[in-house]
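Structure file structure_32.cif (mmCIF, C-alpha atoms) is printed below.
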```cif
data_data
#
loop_
_atom_site.label_atom_id
_atom_site.label_comp_id
_atom_site.auth_asym_id
_atom_site.auth_seq_id
_atom_site.Cartn_x
_atom_site.Cartn_y
_atom_site.Cartn_z
CA MET E 1 -0.38 -25.06 -7.65
CA SER E 2 -0.84 -21.42 -8.44
CA LEU E 3 -0.19 -20.18 -11.93
CA LEU E 4 1.71 -17.15 -10.67
CA PRO E 5 5.50 -17.55 -10.52
CA GLN E 6 6.93 -17.82 -7.02
CA PRO E 7 8.74 -14.41 -6.95
CA LEU E 8 5.44 -12.70 -7.74
CA GLN E 9 3.61 -14.70 -5.09
CA ARG E 10 6.23 -13.82 -2.52
CA ALA E 11 5.98 -10.10 -3.22
CA ILE E 12 2.17 -10.32 -3.04
CA GLU E 13 2.38 -12.15 0.29
CA GLU E 14 4.78 -9.59 1.75
CA PHE E 15 2.65 -6.68 0.58
CA SER E 16 -0.45 -8.29 2.17
CA GLN E 17 1.30 -8.17 5.56
CA LEU E 18 1.09 -4.38 5.51
CA PRO E 19 -1.79 -2.62 7.26
CA GLY E 20 -4.70 -1.74 4.98
CA ILE E 21 -3.39 -3.83 2.09
CA GLY E 22 -5.43 -6.94 1.30
CA HIS E 23 -4.62 -9.70 -1.16
CA LYS E 24 -6.20 -7.92 -4.13
CA SER E 25 -4.37 -4.66 -3.42
CA ALA E 26 -1.13 -6.58 -2.96
CA GLU E 27 -1.60 -8.15 -6.41
CA ARG E 28 -2.32 -4.75 -7.91
CA LEU E 29 0.76 -3.18 -6.30
CA THR E 30 3.03 -6.02 -7.41
CA PHE E 31 1.87 -5.87 -11.01
CA HIS E 32 2.05 -2.10 -10.97
CA LEU E 33 5.70 -2.32 -9.94
CA LEU E 34 6.36 -4.84 -12.71
CA ARG E 35 5.03 -2.54 -15.39
CA SER E 36 5.40 1.00 -14.14
CA SER E 37 8.05 3.33 -15.51
CA LYS E 38 7.81 5.66 -12.51
CA ALA E 39 7.98 3.23 -9.60
CA SER E 40 10.38 0.31 -9.74
CA PRO E 41 10.58 -2.80 -7.56
CA GLU E 42 14.35 -2.37 -7.34
CA ALA E 43 14.14 1.22 -6.02
CA LEU E 44 11.55 0.33 -3.40
CA GLY E 45 13.35 -2.93 -2.59
CA ASN E 46 16.68 -1.19 -2.01
CA ALA E 47 15.03 1.58 0.01
CA LEU E 48 13.47 -1.04 2.28
CA LEU E 49 16.70 -3.00 2.67
CA ASN E 50 18.52 0.18 3.70
CA LEU E 51 15.76 1.22 6.05
CA ARG E 52 17.16 -0.19 9.24
CA ILE E 53 20.87 -0.33 8.43
CA GLU E 54 21.99 3.04 9.76
CA LEU E 55 18.95 3.93 11.79
CA HIS E 56 19.33 4.59 15.51
CA TYR E 57 17.15 5.97 18.23
CA CYS E 58 18.36 9.32 19.56
CA SER E 59 20.08 8.61 22.88
CA GLU E 60 18.07 11.38 24.51
CA CYS E 61 14.55 11.59 22.98
CA GLN E 62 14.39 8.21 21.12
CA MET E 63 13.55 9.91 17.82
CA VAL E 64 14.80 7.98 14.77
CA THR E 65 18.07 9.45 13.55
CA LEU E 66 21.26 8.57 11.70
CA GLN E 67 23.47 10.18 14.37
CA LYS E 68 23.82 9.46 18.05
CA LYS E 69 21.53 12.38 18.83
CA CYS E 70 18.72 13.84 16.71
CA SER E 71 18.87 17.39 15.36
CA VAL E 72 16.32 18.65 17.90
CA CYS E 73 18.32 17.40 20.90
CA GLU E 74 21.54 18.78 19.34
CA ASP E 75 19.97 22.23 18.88
CA SER E 76 21.17 24.42 21.76
CA SER E 77 18.47 27.03 21.11
CA ARG E 78 15.64 24.70 22.19
CA ASP E 79 13.91 25.02 25.56
CA ARG E 80 15.39 22.06 27.42
CA ALA E 81 13.00 22.31 30.36
CA THR E 82 9.95 21.20 28.36
CA ILE E 83 9.40 17.69 27.00
CA LEU E 84 6.52 16.77 24.70
CA VAL E 85 5.80 13.05 24.94
CA VAL E 86 4.53 11.50 21.68
CA GLU E 87 3.68 8.00 20.47
CA SER E 88 5.72 7.90 17.27
CA PRO E 89 8.34 9.81 15.24
CA LEU E 90 5.67 11.01 12.79
CA GLU E 91 4.11 13.08 15.56
CA VAL E 92 7.43 14.82 16.14
CA ILE E 93 7.30 15.90 12.48
CA ALA E 94 3.74 17.15 13.00
CA PHE E 95 4.62 19.18 16.11
CA GLU E 96 7.77 20.61 14.49
CA LYS E 97 5.48 22.32 11.95
CA THR E 98 3.70 24.16 14.77
CA GLY E 99 6.82 26.03 15.85
CA TYR E 100 7.08 24.22 19.21
CA LYS E 101 10.49 25.00 20.70
CA GLY E 102 10.93 22.43 23.48
CA LEU E 103 12.27 18.87 23.33
CA TYR E 104 10.47 15.61 22.61
CA HIS E 105 10.28 12.09 23.90
CA VAL E 106 9.12 9.33 21.54
CA LEU E 107 7.49 6.36 23.30
CA HIS E 108 7.35 4.19 20.14
CA GLY E 109 3.90 2.92 21.01
CA VAL E 110 1.21 3.14 23.66
CA LEU E 111 0.10 0.80 26.41
CA SER E 112 -2.13 -1.80 24.78
CA PRO E 113 -2.23 -5.21 26.51
CA ILE E 114 -4.20 -6.76 23.59
CA ASP E 115 -1.31 -5.99 21.24
CA GLY E 116 1.26 -7.14 23.79
CA MET E 117 2.40 -3.58 24.50
CA GLY E 118 3.26 -3.20 28.18
CA PRO E 119 5.41 -0.53 29.86
CA GLU E 120 8.55 -2.54 28.99
CA GLN E 121 7.81 -2.37 25.26
CA LEU E 122 7.68 1.44 25.33
CA LYS E 123 10.57 3.87 25.78
CA LEU E 124 9.22 4.68 29.22
CA LYS E 125 12.28 3.79 31.26
CA GLU E 126 14.25 6.32 29.19
CA LEU E 127 11.60 8.98 29.90
CA ILE E 128 11.69 8.24 33.62
CA ASP E 129 15.50 8.47 33.59
CA ARG E 130 15.34 11.82 31.79
CA CYS E 131 12.87 13.20 34.30
CA LYS E 132 14.77 11.85 37.31
CA SER E 133 17.99 13.46 36.13
CA GLY E 134 16.24 16.77 36.79
CA GLY E 135 15.89 20.06 34.97
CA ILE E 136 12.49 19.22 33.49
CA GLY E 137 9.95 21.96 34.20
CA GLU E 138 7.02 20.58 32.23
CA LEU E 139 6.05 17.29 30.66
CA ILE E 140 3.37 17.70 27.97
CA ILE E 141 1.77 14.33 27.29
CA ALA E 142 0.65 14.27 23.65
CA THR E 143 -0.51 10.68 23.19
CA ASN E 144 -3.60 10.32 21.01
CA PRO E 145 -7.00 11.06 22.59
CA ASP E 146 -8.12 7.41 22.49
CA VAL E 147 -8.35 4.63 25.09
CA GLU E 148 -4.72 3.53 24.79
CA GLY E 149 -3.42 7.08 24.63
CA GLU E 150 -5.39 8.10 27.73
CA ALA E 151 -4.25 4.99 29.62
CA THR E 152 -0.63 5.72 28.70
CA ALA E 153 -0.99 9.35 29.82
CA ALA E 154 -2.48 8.23 33.16
CA TYR E 155 0.33 5.69 33.63
CA ILE E 156 3.03 8.30 32.99
CA ARG E 157 1.41 10.78 35.36
CA GLN E 158 1.25 8.11 38.07
CA LYS E 159 4.89 7.05 37.54
CA LEU E 160 6.35 10.53 37.29
CA GLY E 161 4.03 12.66 39.40
CA ASP E 162 6.70 13.13 42.08
CA ASN E 163 9.63 13.77 39.74
CA VAL E 164 8.23 16.51 37.51
CA SER E 165 6.64 19.66 38.84
CA LYS E 166 4.14 20.04 36.03
CA ILE E 167 2.58 17.34 33.84
CA THR E 168 0.08 18.56 31.26
CA ARG E 169 -2.05 16.97 28.56
CA LEU E 170 -2.97 18.48 25.17
CA ALA E 171 -6.31 20.31 25.16
CA HIS E 172 -9.38 18.41 23.99
CA GLY E 173 -12.06 20.29 22.10
CA LEU E 174 -13.37 21.14 18.67
CA PRO E 175 -10.78 21.01 15.88
CA MET E 176 -10.45 24.18 13.77
CA GLY E 177 -12.97 24.26 10.94
CA ALA E 178 -15.19 21.65 12.58
CA ASP E 179 -18.97 21.62 12.30
CA ILE E 180 -20.52 21.54 15.79
CA GLU E 181 -23.58 19.80 14.34
CA PHE E 182 -21.43 16.77 13.48
CA ALA E 183 -19.14 16.77 16.52
CA ASP E 184 -19.48 13.74 18.80
CA GLN E 185 -20.82 14.21 22.31
CA VAL E 186 -17.56 13.43 24.11
CA THR E 187 -15.74 16.11 22.12
CA LEU E 188 -18.54 18.62 22.81
CA LYS E 189 -18.48 17.78 26.53
CA GLU E 190 -14.70 18.30 26.59
CA ALA E 191 -15.09 21.55 24.64
CA ILE E 192 -17.57 22.89 27.23
CA ALA E 193 -15.45 21.71 30.17
CA GLY E 194 -12.35 23.35 28.68
CA ARG E 195 -14.02 26.63 27.65
CA ARG E 196 -11.94 29.79 27.84
CA VAL E 197 -12.72 33.44 28.61
CA LEU E 198 -12.83 35.52 25.42
CA MET I 1 15.62 20.12 6.20
CA SER I 2 13.32 17.36 7.26
CA LEU I 3 13.75 15.77 10.65
CA LEU I 4 13.27 12.26 9.25
CA PRO I 5 16.49 10.38 8.41
CA GLN I 6 17.18 9.97 4.71
CA PRO I 7 16.59 6.16 4.50
CA LEU I 8 13.11 6.65 5.95
CA GLN I 9 12.39 9.49 3.56
CA ARG I 10 13.48 7.40 0.61
CA ALA I 11 11.22 4.49 1.55
CA ILE I 12 8.31 6.91 2.04
CA GLU I 13 8.97 8.46 -1.37
CA GLU I 14 9.11 5.09 -3.10
CA PHE I 15 5.90 3.90 -1.42
CA SER I 16 4.13 7.10 -2.53
CA GLN I 17 4.84 6.18 -6.15
CA LEU I 18 2.46 3.23 -5.85
CA PRO I 19 -1.16 3.59 -6.96
CA GLY I 20 -3.57 4.46 -4.16
CA ILE I 21 -0.80 5.23 -1.67
CA GLY I 22 -0.45 8.88 -0.71
CA HIS I 23 2.24 10.49 1.39
CA LYS I 24 0.47 9.81 4.70
CA SER I 25 -0.12 6.14 3.87
CA ALA I 26 3.49 5.82 2.75
CA GLU I 27 4.64 7.17 6.12
CA ARG I 28 2.35 4.76 7.92
CA LEU I 29 3.58 1.76 5.89
CA THR I 30 7.23 2.68 6.42
CA PHE I 31 6.87 3.03 10.17
CA HIS I 32 4.80 -0.13 10.33
CA LEU I 33 7.65 -2.03 8.66
CA LEU I 34 10.14 -0.53 11.11
CA ARG I 35 8.20 -1.73 14.11
CA SER I 36 6.22 -4.76 13.03
CA SER I 37 7.19 -8.27 14.03
CA LYS I 38 5.10 -9.84 11.24
CA ALA I 39 6.16 -7.80 8.23
CA SER I 40 9.79 -6.86 7.79
CA PRO I 41 11.36 -4.34 5.45
CA GLU I 42 14.08 -6.88 4.58
CA ALA I 43 11.58 -9.57 3.52
CA LEU I 44 9.56 -7.20 1.35
CA GLY I 45 12.75 -5.58 0.06
CA ASN I 46 14.26 -8.88 -1.00
CA ALA I 47 10.99 -10.04 -2.54
CA LEU I 48 10.89 -6.89 -4.65
CA LEU I 49 14.53 -7.16 -5.70
CA ASN I 50 13.93 -10.72 -6.87
CA LEU I 51 10.71 -9.82 -8.64
CA ARG I 52 12.09 -9.29 -12.11
CA ILE I 53 15.24 -11.39 -11.97
CA GLU I 54 13.92 -14.69 -13.25
CA LEU I 55 10.64 -13.52 -14.64
CA HIS I 56 9.88 -14.06 -18.33
CA TYR I 57 6.89 -13.76 -20.54
CA CYS I 58 5.64 -17.11 -21.87
CA SER I 59 6.82 -17.34 -25.47
CA GLU I 60 3.33 -18.33 -26.55
CA CYS I 61 0.69 -16.55 -24.43
CA GLN I 62 2.85 -13.82 -22.78
CA MET I 63 1.80 -14.87 -19.28
CA VAL I 64 4.44 -14.20 -16.60
CA THR I 65 6.41 -17.36 -15.90
CA LEU I 66 9.76 -18.62 -14.70
CA GLN I 67 10.14 -21.03 -17.61
CA LYS I 68 10.16 -20.46 -21.34
CA LYS I 69 6.52 -21.47 -21.53
CA CYS I 70 3.81 -21.14 -18.88
CA SER I 71 2.09 -24.16 -17.36
CA VAL I 72 -1.11 -23.57 -19.34
CA CYS I 73 0.67 -23.56 -22.70
CA GLU I 74 2.71 -26.62 -21.66
CA ASP I 75 -0.46 -28.52 -20.73
CA SER I 76 -1.30 -30.83 -23.64
CA SER I 77 -4.85 -31.41 -22.39
CA ARG I 78 -5.93 -27.82 -23.08
CA ASP I 79 -8.08 -26.89 -26.06
CA ARG I 80 -5.50 -25.27 -28.32
CA ALA I 81 -8.06 -23.90 -30.78
CA THR I 82 -9.50 -21.34 -28.36
CA ILE I 83 -7.66 -18.26 -27.15
CA LEU I 84 -9.01 -15.98 -24.45
CA VAL I 85 -7.46 -12.51 -24.76
CA VAL I 86 -6.99 -10.69 -21.43
CA GLU I 87 -5.43 -7.44 -20.28
CA SER I 88 -3.19 -8.72 -17.50
CA PRO I 89 -1.84 -11.90 -15.85
CA LEU I 90 -4.23 -11.44 -12.91
CA GLU I 91 -7.16 -12.05 -15.22
CA VAL I 92 -5.65 -15.37 -16.27
CA ILE I 93 -5.74 -16.37 -12.60
CA ALA I 94 -9.39 -15.28 -12.41
CA PHE I 95 -10.42 -17.27 -15.51
CA GLU I 96 -8.46 -20.35 -14.37
CA LYS I 97 -10.82 -20.55 -11.39
CA THR I 98 -13.81 -20.84 -13.74
CA GLY I 99 -12.60 -24.13 -15.23
CA TYR I 100 -11.94 -22.60 -18.68
CA LYS I 101 -9.95 -25.14 -20.70
CA GLY I 102 -8.59 -23.17 -23.66
CA LEU I 103 -5.42 -21.08 -23.96
CA TYR I 104 -4.83 -17.43 -23.12
CA HIS I 105 -3.16 -14.40 -24.56
CA VAL I 106 -2.06 -11.63 -22.20
CA LEU I 107 -1.94 -8.17 -23.82
CA HIS I 108 -0.22 -6.50 -20.82
CA GLY I 109 -2.38 -3.42 -21.15
CA VAL I 110 -5.12 -1.88 -23.27
CA LEU I 111 -5.13 0.80 -25.92
CA SER I 112 -5.09 4.12 -24.10
CA PRO I 113 -3.50 7.02 -25.98
CA ILE I 114 -3.66 9.27 -22.88
CA ASP I 115 -1.40 6.85 -21.01
CA GLY I 116 0.87 6.44 -24.03
CA MET I 117 -0.41 2.92 -24.73
CA GLY I 118 -0.60 2.30 -28.46
CA PRO I 119 -0.72 -1.02 -30.33
CA GLU I 120 3.10 -1.26 -30.12
CA GLN I 121 3.05 -1.16 -26.31
CA LEU I 122 0.72 -4.17 -26.14
CA LYS I 123 1.54 -7.80 -26.96
CA LEU I 124 -0.62 -7.46 -30.07
CA LYS I 125 1.98 -8.42 -32.63
CA GLU I 126 2.43 -11.74 -30.81
CA LEU I 127 -1.34 -12.31 -30.90
CA ILE I 128 -1.50 -11.56 -34.60
CA ASP I 129 1.41 -13.95 -35.24
CA ARG I 130 -0.36 -16.68 -33.26
CA CYS I 131 -3.57 -16.25 -35.22
CA LYS I 132 -1.80 -16.08 -38.58
CA SER I 133 0.04 -19.32 -37.89
CA GLY I 134 -3.39 -20.97 -38.03
CA GLY I 135 -5.27 -23.51 -35.99
CA ILE I 136 -7.22 -20.94 -33.99
CA GLY I 137 -10.97 -21.62 -34.08
CA GLU I 138 -12.14 -18.93 -31.71
CA LEU I 139 -10.73 -15.78 -30.17
CA ILE I 140 -12.62 -14.69 -27.06
CA ILE I 141 -11.82 -11.08 -26.29
CA ALA I 142 -12.03 -10.59 -22.55
CA THR I 143 -10.79 -7.04 -22.09
CA ASN I 144 -12.65 -5.06 -19.42
CA PRO I 145 -16.06 -3.58 -20.36
CA ASP I 146 -14.81 0.02 -20.27
CA VAL I 147 -13.84 2.55 -22.94
CA GLU I 148 -10.25 1.32 -23.35
CA GLY I 149 -11.28 -2.34 -23.21
CA GLU I 150 -13.96 -1.85 -25.87
CA ALA I 151 -11.58 0.11 -28.10
CA THR I 152 -8.97 -2.64 -27.78
CA ALA I 153 -11.57 -5.31 -28.62
CA ALA I 154 -12.67 -3.36 -31.69
CA TYR I 155 -9.06 -2.89 -32.79
CA ILE I 156 -8.31 -6.62 -32.49
CA ARG I 157 -11.46 -7.55 -34.42
CA GLN I 158 -10.51 -5.15 -37.20
CA LYS I 159 -6.90 -6.42 -37.36
CA LEU I 160 -7.73 -10.13 -37.17
CA GLY I 161 -11.17 -10.39 -38.73
CA ASP I 162 -9.77 -12.18 -41.80
CA ASN I 163 -7.42 -14.55 -39.96
CA VAL I 164 -9.74 -16.05 -37.36
CA SER I 165 -13.08 -17.60 -38.22
CA LYS I 166 -14.79 -16.60 -34.98
CA ILE I 167 -14.07 -13.63 -32.73
CA THR I 168 -16.30 -13.30 -29.67
CA ARG I 169 -16.62 -10.93 -26.74
CA LEU I 170 -17.62 -11.80 -23.16
CA ALA I 171 -21.33 -11.34 -22.48
CA HIS I 172 -22.46 -8.08 -20.91
CA GLY I 173 -25.37 -8.16 -18.50
CA LEU I 174 -26.28 -8.25 -14.84
CA PRO I 175 -23.67 -9.78 -12.55
CA MET I 176 -24.87 -12.65 -10.35
CA GLY I 177 -26.44 -11.42 -7.12
CA ALA I 178 -26.97 -7.91 -8.52
CA ASP I 179 -29.92 -5.73 -7.61
CA ILE I 180 -31.72 -4.57 -10.77
CA GLU I 181 -32.89 -1.46 -8.95
CA PHE I 182 -29.28 -0.29 -8.61
CA ALA I 183 -27.98 -1.46 -11.99
CA ASP I 184 -26.87 1.30 -14.37
CA GLN I 185 -28.81 1.89 -17.56
CA VAL I 186 -26.07 0.73 -19.92
CA THR I 187 -25.86 -2.63 -18.13
CA LEU I 188 -29.64 -2.99 -18.20
CA LYS I 189 -29.75 -2.13 -21.91
CA GLU I 190 -27.06 -4.76 -22.58
CA ALA I 191 -28.93 -7.27 -20.43
CA ILE I 192 -32.11 -6.78 -22.47
CA ALA I 193 -30.25 -6.87 -25.79
CA GLY I 194 -28.48 -10.08 -24.77
CA ARG I 195 -31.56 -11.83 -23.29
CA ARG I 196 -31.74 -15.57 -23.67
CA VAL I 197 -34.59 -18.07 -24.10
CA LEU I 198 -35.36 -19.85 -20.83
#
```

Translate the structure of the given file into structure tokens.
Amino acid sequence: MSLLPQPLQRAIEEFSQLPGIGHKSAERLTFHLLRSSKASPEALGNALLNLRIELHYCSECQMVTLQKKCSVCEDSSRDRATILVVESPLEVIAFEKTGYKGLYHVLHGVLSPIDGMGPEQLKLKELIDRCKSGGIGELIIATNPDVEGEATAAYIRQKLGDNVSKITRLAHGLPMGADIEFADQVTLKEAIAGRRVL
Amino acid sequence: MSLLPQPLQRAIEEFSQLPGIGHKSAERLTFHLLRSSKASPEALGNALLNLRIELHYCSECQMVTLQKKCSVCEDSSRDRATILVVESPLEVIAFEKTGYKGLYHVLHGVLSPIDGMGPEQLKLKELIDRCKSGGIGELIIATNPDVEGEATAAYIRQKLGDNVSKITRLAHGLPMGADIEFADQVTLKEAIAGRRVL
């Protein structure tokens, strides 16, 4: 029998389910919430309970939204011929800061058989439907530059090669402010292969 | 206007209030809860809402408990003449694993004027009352060996010196398995000062 009351134990257990939070951190978070004047368990608890209640996926791009369509898809000033394909809604936020003016498509994951993520688990059918309905000039595949992201990009290209005239992938190379001395060899190889005329 | 729906933003904001969780981590946790099959926002949300509902402080030692008294104080086999004074309930759990058989007193904090923690914010009055009511042979002060913990220990000794016959402090020295080469000089000094006959 543990000395900690059951409500505390339950909160600790639930916190430990989260990525990057071990048992010790979960204990610390729970006791912080008990004592803190700034954060409160009730505020976080209510926020989490309301999380999924009104949330939908945009009928067009699958972005999370409270309406039927997200604000990007509703915006008539956007370039509707370009679709940027991303893994998750957070990447939409990141690209919005760059001033990108086309539309998006959120896959909600990448192909990863180990994690049970096959094509059916992703919003791929919706992407194929969008492309087949025509009017798409370019599909920019912006999955992460890792094994799963590359596999997903290759799969999309293979599935949609005939339906979209142009499928592109984000450039690989040195990030701004990087130190070439510390760059890994794959990045350097990609940076040389993708070099541009000055 | 942010592109993220308000319920998501609220959860992210509440997560960012927690210690060690920045905005990026809060986003990651929120989206993990949205997608994960193992963790669910409802389970964590409900756990947090129930956290404080039935929780009390033990009327004797101030440990968190669901009853009026905690299981340690209720246990008649414990040595009631010894009180181990700790900062938080988690330390009670830690000391319980050592086989310690006395009672506890949880201060729920340490003296730290910067954080607005004075003697009134701690469960010090309750400790003083317990000692004044008599029957306490030894008070072991087990606050952390840092500035605030040492200050709190000194304060308790000064306040209670006349009421308790013996006030002790946990030994300082090298932790088990430590490497002397990497030990800091204060610890080494304490280890020499506290050396014992073999």

Practice task
State, in Å with one decimal place, the distance from CA of Ala142 in chain I to CA of Glu60 in chain I.
Solution key: 17.7 Å

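Nearest residue to chain I among E:Arg130, E:Arg52, E:Arg169, E:His23 is E:Arg52, counting all atoms listed in the file.
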
Practice task
Give me the result of the PyMOL selection byres ((chain I and resi 155) around 12) on this file, residue by residue, as a VMD selection string.
Solution key: chain I and resid 110 to 112 118 to 119 122 124 128 141 143 148 to 154 156 to 161 167

Exercise for the section: Pull out every residue that the PyMOL selection byres ((chain I and resi 12-18) around 10) matches in the shown coordinates and put them as an MDAnalysis selection string. Expected result: (chainID E and resid 28:30 32:33 36 38:41 43:48) or (chainID I and resid 6:11 19:31)

Exercise for the section: I need the residue set behind the PyMOL selection byres ((chain I and resi 73) around 9) for this file; please write it as a ChimeraX atom specification. Expected result: /I:58,60-61,69-72,74-76,78,80,103-104

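Residues with at least one atom no more than 9 Å from (15.4, 7.5, 23.5), using only C-alpha atoms, are Tyr57, Cys58, Ser59, Glu60, Cys61, Gln62, Met63, Val64, His105, Val106, Leu107, Lys123, Leu124, Glu126 and Leu127 of chain E.
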
Practice task
Write out as number ranges by chain each polymer residue whose atoms come within 12 Å of Gly135 in chain I, counting all atoms listed in the file; drop sequence neighbours fewer than 4 positions from it.
Solution key: I: 79-83, 129-131, 139, 163-166

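For the pair CA of Gly116 in chain I and CA of Ser37 in chain E, the separation is 11.6 Å.
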
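As for CA of Gly99 in chain I and CA of Leu51 in chain I, they are spaced 28.1 Å apart.
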
Fill in the blank from the handout: Counting all atoms listed in the file, the residue among E:Ile192, E:Leu66, E:Ile93, E:Val85 that lies closest to Leu3 in chain I is E:Ile93

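Compared by their closest atoms to chain E, and using all atoms listed in the file, the residues I:Asp146, I:Glu190, I:Glu54, I:Asp184 rank with I:Glu54 nearest.
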